[in-house]
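Quick look at target_36.cif (mmCIF, C-alpha atoms):
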data_query
#
loop_
_atom_site.label_atom_id
_atom_site.label_comp_id
_atom_site.auth_asym_id
_atom_site.auth_seq_id
_atom_site.Cartn_x
_atom_site.Cartn_y
_atom_site.Cartn_z
CA MET A 74 -24.65 -122.91 70.59
CA SER A 75 -24.33 -122.32 66.90
CA VAL A 76 -22.57 -124.50 64.43
CA SER A 77 -21.22 -122.41 61.62
CA ALA A 78 -19.01 -124.80 59.67
CA LYS A 79 -21.02 -127.28 57.59
CA TRP A 80 -20.44 -129.47 54.59
CA THR A 81 -22.58 -128.56 51.59
CA ARG A 82 -24.76 -131.23 50.00
CA GLU A 83 -22.18 -131.55 47.26
CA GLU A 84 -19.37 -132.02 49.78
CA MET A 85 -21.45 -134.66 51.55
CA ALA A 86 -21.96 -136.52 48.26
CA ARG A 87 -18.23 -136.31 47.54
CA ARG A 88 -17.43 -137.62 51.03
CA VAL A 89 -19.71 -140.65 50.54
CA ALA A 90 -18.24 -141.29 47.09
CA GLN A 91 -14.75 -141.47 48.67
CA ASP A 92 -15.86 -144.57 50.56
CA ILE A 93 -17.22 -146.45 47.55
CA PRO A 94 -14.41 -148.67 46.29
CA GLU A 95 -13.58 -149.99 42.85
CA GLY A 96 -15.80 -152.95 41.96
CA ALA A 97 -18.58 -152.15 44.43
CA ILE A 98 -22.20 -152.85 43.54
CA VAL A 99 -24.18 -149.96 44.94
CA ASN A 100 -27.79 -148.84 45.24
CA LEU A 101 -28.29 -145.10 45.68
CA GLY A 102 -31.60 -144.11 47.26
CA ILE A 103 -33.96 -141.40 46.07
CA GLY A 104 -32.96 -137.75 46.65
CA LEU A 105 -29.59 -136.68 48.02
CA PRO A 106 -28.04 -140.20 47.78
CA THR A 107 -28.62 -140.19 44.00
CA THR A 108 -26.13 -137.32 43.67
CA VAL A 109 -23.30 -139.51 45.00
CA ALA A 110 -23.02 -140.98 41.49
CA ASP A 111 -21.77 -137.62 40.18
CA HIS A 112 -18.73 -137.81 42.46
CA ILE A 113 -17.50 -141.32 41.70
CA PRO A 114 -14.33 -140.85 39.61
CA ALA A 115 -14.76 -141.95 35.99
CA ASP A 116 -11.81 -144.33 36.24
CA ARG A 117 -13.31 -146.19 39.20
CA GLU A 118 -15.55 -149.03 38.03
CA VAL A 119 -18.61 -149.03 40.28
CA ILE A 120 -21.83 -150.81 39.26
CA LEU A 121 -25.03 -148.99 40.16
CA HIS A 122 -28.18 -151.02 40.83
CA SER A 123 -31.67 -149.61 40.70
CA GLU A 124 -34.40 -151.70 42.27
CA ASN A 125 -36.82 -151.32 39.38
CA GLY A 126 -34.71 -153.86 37.51
CA VAL A 127 -31.38 -152.60 36.17
CA ILE A 128 -27.68 -152.78 36.98
CA GLY A 129 -25.07 -150.69 35.22
CA VAL A 130 -27.07 -147.47 35.52
CA GLY A 131 -25.37 -144.58 33.73
CA PRO A 132 -25.93 -140.82 33.79
CA ALA A 133 -29.10 -139.05 32.68
CA PRO A 134 -29.39 -138.92 28.89
CA ALA A 135 -29.05 -135.66 26.98
CA ALA A 136 -32.19 -133.56 26.60
CA GLY A 137 -34.41 -135.07 23.92
CA GLU A 138 -32.80 -138.51 24.30
CA GLU A 139 -34.93 -139.61 27.27
CA ASP A 140 -36.74 -142.93 27.00
CA TYR A 141 -39.17 -143.55 29.85
CA ASP A 142 -38.81 -147.31 29.49
CA LEU A 143 -35.27 -146.82 30.89
CA ILE A 144 -35.71 -145.20 34.28
CA ASN A 145 -34.34 -145.43 37.80
CA ALA A 146 -36.25 -145.97 41.03
CA SER A 147 -37.05 -142.24 41.14
CA LYS A 148 -38.77 -142.82 37.76
CA GLN A 149 -36.31 -140.47 36.10
CA PRO A 150 -34.64 -141.30 32.78
CA VAL A 151 -31.17 -142.82 32.92
CA SER A 152 -28.77 -144.50 30.52
CA LEU A 153 -27.30 -147.99 30.53
CA ARG A 154 -23.55 -148.56 30.63
CA PRO A 155 -21.97 -151.28 28.49
CA GLY A 156 -22.20 -154.47 30.58
CA GLY A 157 -25.47 -153.39 32.15
CA ALA A 158 -28.44 -155.75 32.41
CA PHE A 159 -32.19 -155.79 32.98
CA PHE A 160 -34.11 -158.21 35.21
CA HIS A 161 -37.54 -158.53 36.76
CA HIS A 162 -38.54 -157.19 40.16
CA ALA A 163 -38.29 -160.44 42.11
CA ASP A 164 -34.72 -160.94 40.88
CA SER A 165 -33.91 -157.32 41.62
CA PHE A 166 -34.98 -157.66 45.24
CA ALA A 167 -33.32 -161.07 45.49
CA MET A 168 -30.08 -159.25 44.66
CA MET A 169 -30.76 -157.02 47.62
CA ARG A 170 -32.19 -159.43 50.17
CA GLY A 171 -29.74 -162.15 49.14
CA GLY A 172 -26.77 -160.00 50.15
CA HIS A 173 -25.42 -159.42 46.63
CA LEU A 174 -25.20 -155.63 46.93
CA ASP A 175 -22.18 -154.15 48.69
CA ILE A 176 -23.47 -150.74 49.66
CA CYS A 177 -26.81 -149.00 49.83
CA VAL A 178 -27.01 -145.25 50.49
CA LEU A 179 -30.29 -143.98 51.92
CA GLY A 180 -31.78 -140.79 53.28
CA ALA A 181 -33.34 -140.77 56.75
CA PHE A 182 -35.61 -138.92 59.17
CA GLN A 183 -33.82 -140.51 62.14
CA VAL A 184 -31.09 -143.04 62.89
CA SER A 185 -30.69 -144.52 66.37
CA ALA A 186 -27.44 -145.16 68.22
CA THR A 187 -27.92 -148.88 67.52
CA GLY A 188 -28.47 -148.40 63.80
CA ASP A 189 -32.27 -148.47 63.65
CA LEU A 190 -33.49 -146.53 60.64
CA ALA A 191 -36.65 -144.43 60.22
CA ASN A 192 -37.05 -143.06 56.71
CA TRP A 193 -40.39 -144.08 55.21
CA HIS A 194 -43.19 -142.46 57.17
CA THR A 195 -43.54 -139.54 59.54
CA GLY A 196 -46.43 -141.29 61.27
CA ALA A 197 -48.60 -138.20 60.90
CA PRO A 198 -52.25 -139.31 61.00
CA ASP A 199 -53.20 -137.60 57.73
CA ALA A 200 -50.09 -138.71 55.81
CA ILE A 201 -50.54 -141.26 53.05
CA PRO A 202 -47.99 -143.97 53.77
CA ALA A 203 -45.71 -145.14 50.95
CA VAL A 204 -42.84 -147.51 51.56
CA GLY A 205 -41.53 -148.53 48.15
CA GLY A 206 -38.25 -150.39 48.45
CA ALA A 207 -37.10 -148.63 51.64
CA MET A 208 -37.50 -151.61 53.96
CA ASP A 209 -35.92 -154.02 51.50
CA LEU A 210 -33.00 -151.66 50.88
CA ALA A 211 -32.42 -151.01 54.57
CA ILE A 212 -31.78 -154.65 55.39
CA GLY A 213 -30.48 -155.85 52.04
CA ALA A 214 -27.00 -154.52 51.35
CA LYS A 215 -23.84 -155.67 53.11
CA LYS A 216 -23.44 -152.07 54.31
CA THR A 217 -26.17 -149.47 54.65
CA PHE A 218 -25.01 -145.87 54.65
CA VAL A 219 -27.31 -143.05 55.65
CA MET A 220 -26.89 -139.56 54.27
CA MET A 221 -28.84 -136.78 56.00
CA GLU A 222 -28.67 -133.36 57.63
CA HIS A 223 -27.36 -133.67 61.17
CA THR A 224 -30.36 -131.88 62.65
CA THR A 225 -33.92 -131.02 61.66
CA LYS A 226 -34.80 -127.51 60.55
CA ALA A 227 -35.88 -126.89 64.14
CA GLY A 228 -32.45 -127.95 65.37
CA ALA A 229 -33.30 -131.36 66.83
CA SER A 230 -30.74 -134.11 66.33
CA LYS A 231 -31.65 -136.70 63.71
CA ILE A 232 -29.26 -139.07 65.45
CA VAL A 233 -31.25 -140.29 68.43
CA ALA A 234 -31.09 -142.77 71.31
CA ALA A 235 -34.26 -144.42 69.97
CA CYS A 236 -36.29 -143.52 66.85
CA THR A 237 -39.63 -141.83 67.45
CA TYR A 238 -40.74 -142.13 63.80
CA PRO A 239 -42.00 -145.50 62.49
CA LEU A 240 -39.09 -147.84 61.83
CA THR A 241 -37.86 -148.93 58.42
CA GLY A 242 -35.42 -151.51 59.77
CA ILE A 243 -33.73 -152.56 63.00
CA GLY A 244 -29.98 -152.31 63.54
CA CYS A 245 -29.37 -151.98 59.81
CA VAL A 246 -27.31 -148.77 59.45
CA SER A 247 -23.54 -149.11 59.47
CA ARG A 248 -22.42 -145.53 58.85
CA ILE A 249 -23.99 -142.05 58.93
CA TYR A 250 -22.88 -139.14 56.76
CA THR A 251 -24.25 -135.78 57.87
CA ASN A 252 -23.40 -132.19 57.00
CA LEU A 253 -21.28 -132.13 60.18
CA ALA A 254 -19.69 -135.53 60.60
CA VAL A 255 -19.17 -139.12 59.53
CA ILE A 256 -20.12 -141.55 62.28
CA ASP A 257 -19.82 -145.33 62.42
CA ILE A 258 -22.37 -147.42 64.29
CA THR A 259 -20.44 -150.01 66.28
CA LEU A 260 -21.33 -152.50 68.96
CA ALA A 261 -19.76 -150.08 71.46
CA GLY A 262 -21.80 -147.13 70.19
CA LEU A 263 -21.44 -144.19 67.81
CA ARG A 264 -17.82 -143.75 66.80
CA LEU A 265 -16.73 -140.48 65.20
CA VAL A 266 -14.83 -141.04 61.94
CA ASP A 267 -14.59 -137.56 60.54
CA LYS A 268 -16.02 -134.11 61.20
CA VAL A 269 -16.21 -130.78 59.49
CA GLU A 270 -13.12 -128.65 59.95
CA GLY A 271 -13.32 -126.13 62.77
CA LEU A 272 -16.04 -127.98 64.68
CA SER A 273 -15.01 -129.18 68.13
CA PHE A 274 -15.94 -132.60 69.45
CA ASP A 275 -17.91 -131.00 72.28
CA ASP A 276 -19.90 -128.80 69.92
CA LEU A 277 -20.68 -131.83 67.74
CA GLN A 278 -21.75 -133.82 70.80
CA ARG A 279 -24.10 -131.01 71.82
CA VAL A 280 -26.08 -131.36 68.57
CA THR A 281 -26.01 -135.17 68.59
CA GLY A 282 -28.77 -137.02 70.42
CA ALA A 283 -26.64 -139.94 71.62
CA PRO A 284 -23.11 -140.24 73.07
CA LEU A 285 -20.21 -140.14 70.60
CA LEU A 286 -17.00 -142.14 71.02
CA THR A 287 -13.76 -140.85 69.61
CA MET B 44 -53.22 -175.04 16.68
CA ILE B 45 -52.49 -173.04 19.78
CA ASN B 46 -53.30 -169.42 19.14
CA LYS B 47 -53.40 -167.01 22.08
CA LEU B 48 -53.68 -163.93 19.89
CA PHE B 49 -56.77 -161.80 20.50
CA ASP B 50 -57.99 -159.18 18.05
CA SER B 51 -58.57 -156.49 20.67
CA SER B 52 -58.00 -155.58 24.29
CA GLU B 53 -61.77 -155.54 24.74
CA ALA B 54 -62.09 -159.16 23.58
CA ALA B 55 -59.18 -160.24 25.80
CA LEU B 56 -60.81 -158.73 28.89
CA ALA B 57 -64.48 -159.45 28.22
CA ASP B 58 -64.78 -162.04 31.03
CA VAL B 59 -63.21 -160.13 33.95
CA PRO B 60 -65.89 -160.50 36.67
CA ASP B 61 -66.86 -158.07 39.40
CA GLY B 62 -64.75 -158.61 42.49
CA ALA B 63 -61.77 -159.95 40.53
CA THR B 64 -58.20 -159.55 41.70
CA VAL B 65 -56.31 -157.95 38.83
CA MET B 66 -52.54 -157.54 38.72
CA ILE B 67 -51.36 -154.64 36.60
CA GLY B 68 -47.72 -154.54 35.57
CA GLY B 69 -45.57 -151.47 35.56
CA PHE B 70 -43.35 -149.34 37.73
CA GLY B 71 -44.79 -145.88 37.30
CA THR B 72 -45.55 -145.71 33.59
CA ALA B 73 -42.78 -148.07 32.42
CA GLY B 74 -44.44 -151.40 31.64
CA LEU B 75 -47.91 -150.16 32.54
CA PRO B 76 -50.29 -151.66 29.94
CA ASN B 77 -52.34 -148.50 29.40
CA GLU B 78 -54.48 -149.88 26.59
CA LEU B 79 -55.43 -152.96 28.61
CA VAL B 80 -56.33 -150.84 31.64
CA GLU B 81 -58.44 -148.58 29.43
CA ALA B 82 -60.22 -151.66 28.08
CA LEU B 83 -60.84 -152.82 31.64
CA LEU B 84 -62.30 -149.40 32.40
CA ALA B 85 -64.63 -149.68 29.39
CA GLN B 86 -65.52 -153.27 30.27
CA GLY B 87 -67.15 -152.19 33.52
CA ALA B 88 -66.03 -154.75 36.14
CA ARG B 89 -66.43 -153.35 39.63
CA GLU B 90 -65.21 -154.00 43.17
CA LEU B 91 -61.78 -154.87 41.85
CA THR B 92 -58.72 -155.63 43.94
CA VAL B 93 -55.77 -154.21 42.04
CA VAL B 94 -52.14 -155.22 42.55
CA ASN B 95 -49.64 -152.72 41.16
CA ASN B 96 -46.45 -151.14 42.48
CA ASN B 97 -48.08 -147.71 42.52
CA ALA B 98 -51.61 -146.40 42.62
CA GLY B 99 -51.96 -144.56 39.35
CA ASN B 100 -50.30 -141.56 37.78
CA GLY B 101 -52.06 -138.54 36.30
CA ASP B 102 -55.58 -139.06 34.97
CA THR B 103 -55.29 -142.11 32.74
CA GLY B 104 -54.84 -145.85 33.13
CA LEU B 105 -54.99 -147.07 36.72
CA ALA B 106 -55.66 -143.52 37.94
CA ALA B 107 -58.77 -143.39 35.75
CA LEU B 108 -59.94 -146.78 37.06
CA ILE B 109 -59.63 -145.44 40.62
CA ALA B 110 -61.29 -142.15 39.67
CA ALA B 111 -64.25 -144.12 38.27
CA GLY B 112 -64.71 -145.83 41.65
CA ARG B 113 -64.07 -149.30 40.28
CA VAL B 114 -61.31 -150.31 42.65
CA ARG B 115 -62.25 -151.57 46.12
CA LYS B 116 -58.76 -152.37 47.32
CA ILE B 117 -55.24 -151.75 46.13
CA ILE B 118 -52.18 -153.79 47.10
CA CYS B 119 -49.08 -151.73 46.37
CA SER B 120 -45.79 -150.43 47.72
CA PHE B 121 -45.77 -146.76 46.76
CA PRO B 122 -49.17 -145.10 46.32
CA ARG B 123 -48.16 -141.54 47.14
CA GLN B 124 -46.58 -139.76 44.21
CA ALA B 125 -46.52 -136.25 42.85
CA ASP B 126 -49.38 -137.12 40.48
CA SER B 127 -51.41 -139.70 42.45
CA HIS B 128 -54.29 -137.29 43.14
CA HIS B 129 -57.07 -139.76 42.28
CA PHE B 130 -55.69 -142.33 44.71
CA ASP B 131 -55.09 -139.67 47.37
CA ARG B 132 -58.71 -138.49 47.15
CA ALA B 133 -60.25 -141.99 47.26
CA PHE B 134 -57.98 -143.07 50.11
CA ARG B 135 -58.77 -139.99 52.19
CA ALA B 136 -62.48 -140.43 51.47
CA GLY B 137 -62.22 -143.97 52.83
CA THR B 138 -63.63 -145.53 49.65
CA LEU B 139 -60.43 -147.38 48.75
CA GLU B 140 -58.72 -149.92 50.99
CA LEU B 141 -54.91 -149.92 50.92
CA GLU B 142 -52.63 -152.86 51.71
CA LEU B 143 -49.15 -151.38 51.79
CA VAL B 144 -46.39 -153.90 51.07
CA PRO B 145 -42.63 -153.33 50.87
CA GLN B 146 -41.69 -153.49 47.20
CA GLY B 147 -39.48 -156.56 47.42
CA ASN B 148 -42.07 -158.40 49.49
CA LEU B 149 -44.68 -157.46 46.90
CA ALA B 150 -42.57 -158.92 44.08
CA GLU B 151 -41.72 -162.05 46.05
CA ARG B 152 -45.31 -162.62 47.21
CA ILE B 153 -46.40 -162.48 43.57
CA ARG B 154 -43.56 -164.78 42.52
CA ALA B 155 -44.41 -167.18 45.35
CA ALA B 156 -47.99 -167.47 44.10
CA GLY B 157 -46.74 -168.30 40.63
CA ALA B 158 -44.21 -170.78 41.97
CA GLY B 159 -46.67 -172.64 44.20
CA ILE B 160 -45.04 -171.50 47.43
CA GLY B 161 -47.41 -171.28 50.39
CA GLY B 162 -45.54 -168.48 52.14
CA PHE B 163 -42.01 -167.46 53.00
CA PHE B 164 -39.98 -165.89 55.79
CA THR B 165 -38.28 -162.63 54.87
CA PRO B 166 -36.17 -160.20 56.92
CA THR B 167 -37.76 -157.23 55.14
CA GLY B 168 -40.09 -155.31 57.42
CA TYR B 169 -39.19 -157.22 60.58
CA GLY B 170 -39.82 -155.05 63.63
CA THR B 171 -41.81 -152.46 61.65
CA GLU B 172 -45.49 -151.60 61.64
CA LEU B 173 -45.91 -153.32 58.25
CA ALA B 174 -45.16 -156.62 59.99
CA GLN B 175 -47.70 -156.12 62.77
CA GLY B 176 -49.86 -159.17 63.39
CA LYS B 177 -47.70 -161.40 61.20
CA GLU B 178 -45.94 -164.54 62.35
CA THR B 179 -42.23 -164.03 62.94
CA ARG B 180 -39.27 -166.33 63.42
CA VAL B 181 -35.59 -165.83 64.18
CA ILE B 182 -33.53 -167.66 61.56
CA ASP B 183 -29.74 -167.72 61.84
CA GLY B 184 -29.97 -164.98 64.45
CA ARG B 185 -32.01 -162.66 62.27
CA GLY B 186 -35.69 -161.77 62.61
CA HIS B 187 -37.95 -162.81 59.73
CA VAL B 188 -41.62 -162.20 58.90
CA LEU B 189 -43.97 -164.76 57.33
CA GLU B 190 -45.45 -163.40 54.10
CA ALA B 191 -48.25 -164.99 52.07
CA PRO B 192 -48.45 -165.42 48.30
CA ILE B 193 -50.63 -163.05 46.25
CA HIS B 194 -52.70 -164.83 43.61
CA ALA B 195 -54.75 -163.10 40.94
CA ASP B 196 -57.61 -163.87 38.60
CA PHE B 197 -56.12 -161.74 35.83
CA ALA B 198 -52.74 -160.17 35.16
CA LEU B 199 -52.49 -157.30 32.67
CA ILE B 200 -48.90 -156.86 31.54
CA LYS B 201 -47.00 -155.07 28.82
CA ALA B 202 -44.24 -156.71 26.81
CA GLU B 203 -42.34 -155.70 23.71
CA ARG B 204 -42.66 -158.72 21.45
CA GLY B 205 -44.49 -162.03 21.56
CA ASP B 206 -45.72 -164.98 19.54
CA ARG B 207 -48.94 -167.00 19.33
CA TRP B 208 -47.79 -169.33 22.11
CA GLY B 209 -47.45 -166.36 24.46
CA ASN B 210 -43.65 -166.28 24.66
CA LEU B 211 -42.57 -162.76 25.60
CA VAL B 212 -39.60 -160.43 25.65
CA TYR B 213 -39.71 -157.03 27.30
CA ARG B 214 -38.12 -153.61 26.82
CA MET B 215 -35.54 -152.34 29.32
CA THR B 216 -36.93 -151.41 32.77
CA ALA B 217 -40.49 -151.84 31.47
CA ARG B 218 -39.97 -155.53 32.30
CA ASN B 219 -40.30 -154.90 36.07
CA PHE B 220 -43.30 -156.86 37.44
CA GLY B 221 -44.37 -158.45 34.13
CA PRO B 222 -42.63 -161.83 34.44
CA VAL B 223 -43.74 -162.53 38.03
CA MET B 224 -47.30 -161.31 37.52
CA ALA B 225 -47.60 -163.54 34.45
CA MET B 226 -46.82 -166.51 36.71
CA ALA B 227 -49.28 -165.57 39.45
CA ALA B 228 -52.55 -165.08 37.58
CA ARG B 229 -55.10 -167.59 36.34
CA VAL B 230 -55.39 -165.57 33.11
CA THR B 231 -52.49 -163.41 31.96
CA VAL B 232 -53.18 -160.92 29.19
CA ALA B 233 -50.06 -159.46 27.61
CA SER B 234 -49.96 -156.50 25.26
CA VAL B 235 -47.08 -156.56 22.79
CA HIS B 236 -45.94 -154.06 20.19
CA GLU B 237 -44.91 -156.75 17.77
CA VAL B 238 -46.15 -160.28 17.08
CA VAL B 239 -43.57 -162.57 15.50
CA GLU B 240 -43.92 -165.99 13.92
CA LEU B 241 -43.41 -168.99 16.16
CA GLY B 242 -39.64 -169.50 16.29
CA GLY B 243 -39.05 -165.81 15.67
CA LEU B 244 -37.93 -165.17 19.25
CA ASP B 245 -34.48 -166.39 20.25
CA PRO B 246 -35.28 -169.24 22.66
CA GLU B 247 -32.18 -168.36 24.70
CA ALA B 248 -33.62 -164.88 25.23
CA VAL B 249 -37.32 -165.59 25.91
CA VAL B 250 -38.02 -163.93 29.28
CA THR B 251 -41.54 -165.23 29.91
CA PRO B 252 -42.19 -168.69 28.47
CA GLY B 253 -45.61 -168.89 26.83
CA LEU B 254 -47.17 -171.26 29.35
CA PHE B 255 -47.47 -168.32 31.78
CA VAL B 256 -49.49 -166.31 29.24
CA GLN B 257 -53.03 -167.05 28.11
CA ARG B 258 -53.85 -164.09 25.85
CA VAL B 259 -51.78 -161.78 23.65
CA VAL B 260 -52.97 -158.52 22.11
CA ARG B 261 -50.96 -156.44 19.66
CA ILE B 262 -50.98 -152.73 20.45
CA ASP B 263 -49.37 -149.99 18.34
CA ARG B 264 -46.25 -148.53 19.85
CA ALA B 265 -46.63 -145.31 21.79
CA SER B 266 -43.74 -143.79 23.69
CA THR B 267 -43.92 -144.16 27.47
CA ALA B 268 -45.02 -141.00 29.25
CA ALA B 269 -42.88 -139.25 31.86
CA ARG B 270 -44.83 -139.54 35.08
CA GLY B 271 -44.53 -140.24 38.76
CA PHE B 272 -42.32 -137.35 39.79
CA ARG B 273 -42.69 -133.62 40.03
CA GLN B 274 -41.76 -132.04 36.74
CA ALA B 275 -40.27 -128.60 36.27
CA ALA B 276 -42.94 -126.18 35.08
#
As a first step, turn the structure in this file into structure tokens.
Amino acid sequence: MSVSAKWTREEMARRVAQDIPEGAIVNLGIGLPTTVADHIPADREVILHSENGVIGVGPAPAAGEEDYDLINASKQPVSLRPGGAFFHHADSFAMMRGGHLDICVLGAFQVSATGDLANWHTGAPDAIPAVGGAMDLAIGAKKTFVMMEHTTKAGASKIVAACTYPLTGIGCVSRIYTNLAVIDITLAGLRLVDKVEGLSFDDLQRVTGAPLLT
Amino acid sequence: MINKLFDSSEAALADVPDGATVMIGGFGTAGLPNELVEALLAQGARELTVVNNNAGNGDTGLAALIAAGRVRKIICSFPRQADSHHFDRAFRAGTLELELVPQGNLAERIRAAGAGIGGFFTPTGYGTELAQGKETRVIDGRGHVLEAPIHADFALIKAERGDRWGNLVYRMTARNFGPVMAMAARVTVASVHEVVELGGLDPEAVVTPGLFVQRVVRIDRASTAARGFRQAA
């Protein structure tokens, strides 16, 4: 079976951005999730939080204007929008853990059918583990979105019945955005919300490691 | 007269003993008190336990302390970075113990120490391998993990401006761990770029009240280096 139609990374970011409403306070994880910011319409007021201690994160400054005292969680230079604020790390994670963030968008190695997330460690014996804010982010926001390729490079589904990689959080993911589909995690199971045009339900199911509901 | 101003980083760190637990502020290079860490390197204390979000970038500061074999254990959330080669080598050689802590738990454990809290239940990490062996409890239907405070002998932090009582304000995201580490250490040494007269800081805007700070050293401003991620060649 081959799946030819796929969303590009940019289309995925645009699709996630569609679901971020006016007024939302959002944390965008490192990597692909960071690019979602580029697709939030300028007239939609969304407040971006970065766990190193800033809300109201704006775009990267122009070349030569970078100040490495104003960075995001990826340690890359950003700007501050009017209305933005700085705070210390304990407050920043209180915002998260205390349920004050609306949406968090994270990358993942695997997501289970019940919303378990694995995204911090491959578990390889020689790998140096690093967790950062992943576990705090996973359980902190009102909604946790995952953004990832549907399958690994080898073709294995990253949506699985049960995660085989070390867990980041249990039952924490509410929605998955892949390059093939948008899938909600519900009490009944994985519910298909949207899929790439030209891809049949059966073909999608074949590359998905847990049953899909329509 | 209360005067917490020290003439040099060396003088402010002269009494750090071997085996001390030393908190070092900073998230990557932002807020990392490079000059204080260099003074600690020159001072010679060994067998240190270091608490920092990362585990050193490049070849200076905390990375140099690790490279010199002076750190026995590091408590951090994100050691592996594009330029953490000194940590990577020491960790793989088995000469450096790592306690990996989720970032928010790290901040809250430090805050708890400063606030006199004996431990707290947090949902972060529940059901993961970083919670193994820890007491758990289900609170309001949600699993929580018991986490202990992290106390320190010294905290080395970087602020923007301060006065002789130790009141501090910070600069943008360089604030990060500074305020909570200042609370958690027996002796907090803050570097500042500017010392102002008492009353020169707006009391409504003081971020760290001086009682959390024991020593203040003025350091010339140097722009913060870009580190911690892979840079285009």
Q.
I need the residue nearest Ala227 of chain A from this list: A:Ile93, A:Val280, A:Leu285, A:Thr108. Use only C-alpha atoms for the distance.
A.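 Selected residue with least distance to Ala227 of chain A: A:Val280.
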Hey, list the chain B side of the contact with chain A: 8 Å cut-off, all atoms listed in the file, answer as a short mmCIF file (atom, residue, chain, number, x, y, z; two decimals) with C-alpha atoms, in the coordinates of the input.
data_model
loop_
_atom_site.label_atom_id
_atom_site.label_comp_id
_atom_site.auth_asym_id
_atom_site.auth_seq_id
_atom_site.Cartn_x
_atom_site.Cartn_y
_atom_site.Cartn_z
CA PHE B 70 -43.35 -149.34 37.73
CA GLY B 71 -44.79 -145.88 37.30
CA THR B 72 -45.55 -145.71 33.59
CA ALA B 73 -42.78 -148.07 32.42
CA GLY B 74 -44.44 -151.40 31.64
CA ASN B 96 -46.45 -151.14 42.48
CA SER B 120 -45.79 -150.43 47.72
CA PHE B 121 -45.77 -146.76 46.76
CA PRO B 122 -49.17 -145.10 46.32
CA ARG B 123 -48.16 -141.54 47.14
CA ASP B 131 -55.09 -139.67 47.37
CA LEU B 143 -49.15 -151.38 51.79
CA VAL B 144 -46.39 -153.90 51.07
CA PRO B 145 -42.63 -153.33 50.87
CA GLN B 146 -41.69 -153.49 47.20
CA GLY B 147 -39.48 -156.56 47.42
CA ASN B 148 -42.07 -158.40 49.49
CA ALA B 150 -42.57 -158.92 44.08
CA GLU B 151 -41.72 -162.05 46.05
CA ARG B 154 -43.56 -164.78 42.52
CA PRO B 166 -36.17 -160.20 56.92
CA THR B 167 -37.76 -157.23 55.14
CA GLY B 168 -40.09 -155.31 57.42
CA TYR B 169 -39.19 -157.22 60.58
CA GLY B 170 -39.82 -155.05 63.63
CA THR B 171 -41.81 -152.46 61.65
CA GLU B 172 -45.49 -151.60 61.64
CA ARG B 214 -38.12 -153.61 26.82
CA MET B 215 -35.54 -152.34 29.32
CA THR B 216 -36.93 -151.41 32.77
CA ALA B 217 -40.49 -151.84 31.47
CA ARG B 218 -39.97 -155.53 32.30
CA ASN B 219 -40.30 -154.90 36.07
CA PHE B 220 -43.30 -156.86 37.44
CA GLY B 221 -44.37 -158.45 34.13
CA PRO B 222 -42.63 -161.83 34.44
CA VAL B 223 -43.74 -162.53 38.03
CA SER B 266 -43.74 -143.79 23.69
CA THR B 267 -43.92 -144.16 27.47
CA ALA B 268 -45.02 -141.00 29.25
CA ALA B 269 -42.88 -139.25 31.86
CA ARG B 270 -44.83 -139.54 35.08
CA GLY B 271 -44.53 -140.24 38.76
CA PHE B 272 -42.32 -137.35 39.79
#
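Atom pair atom CA of Val99 of chain A / atom CA of Ala136 of chain A: separated by 25.9 Å.
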Where's the centre, and what are the edge lengths in Å to one decimal, of a box along x, y and z enclosing all listed atoms of segment 104-110 of chain A padded 8 Å per side, as lines of an AutoDock Vina configuration file?
center_x = -28.0
center_y = -138.8
center_z = 44.8
size_x = 25.9
size_y = 20.3
size_z = 22.5
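Neighbours of Arg88 of chain A closer than or equal to 10 Å, with all atoms listed in the file counted and sequence neighbours fewer than 5 positions away skipped, come out as Trp80, Arg82, Glu83, Ile93, Val109, His112, Tyr250, Thr251, Val255 and Asp267 of chain A.
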Restricted to C-alpha atoms, what would the selected residues look like written as a PDB file, keeping the file's coordinate frame?
ATOM      1  CA  TRP A  80     -20.440-129.470  54.590  1.00  0.00           C
ATOM      2  CA  ARG A  82     -24.760-131.230  50.000  1.00  0.00           C
ATOM      3  CA  GLU A  83     -22.180-131.550  47.260  1.00  0.00           C
ATOM      4  CA  ILE A  93     -17.220-146.450  47.550  1.00  0.00           C
ATOM      5  CA  VAL A 109     -23.300-139.510  45.000  1.00  0.00           C
ATOM      6  CA  HIS A 112     -18.730-137.810  42.460  1.00  0.00           C
ATOM      7  CA  TYR A 250     -22.880-139.140  56.760  1.00  0.00           C
ATOM      8  CA  THR A 251     -24.250-135.780  57.870  1.00  0.00           C
ATOM      9  CA  VAL A 255     -19.170-139.120  59.530  1.00  0.00           C
ATOM     10  CA  ASP A 267     -14.590-137.560  60.540  1.00  0.00           C
TER      11      ASP A 267
END
Q.
Please compute the atom CA of Ala110 of chain B-atom CA of Arg132 of chain B distance, one decimal, in Å.
A. 8.7 Å
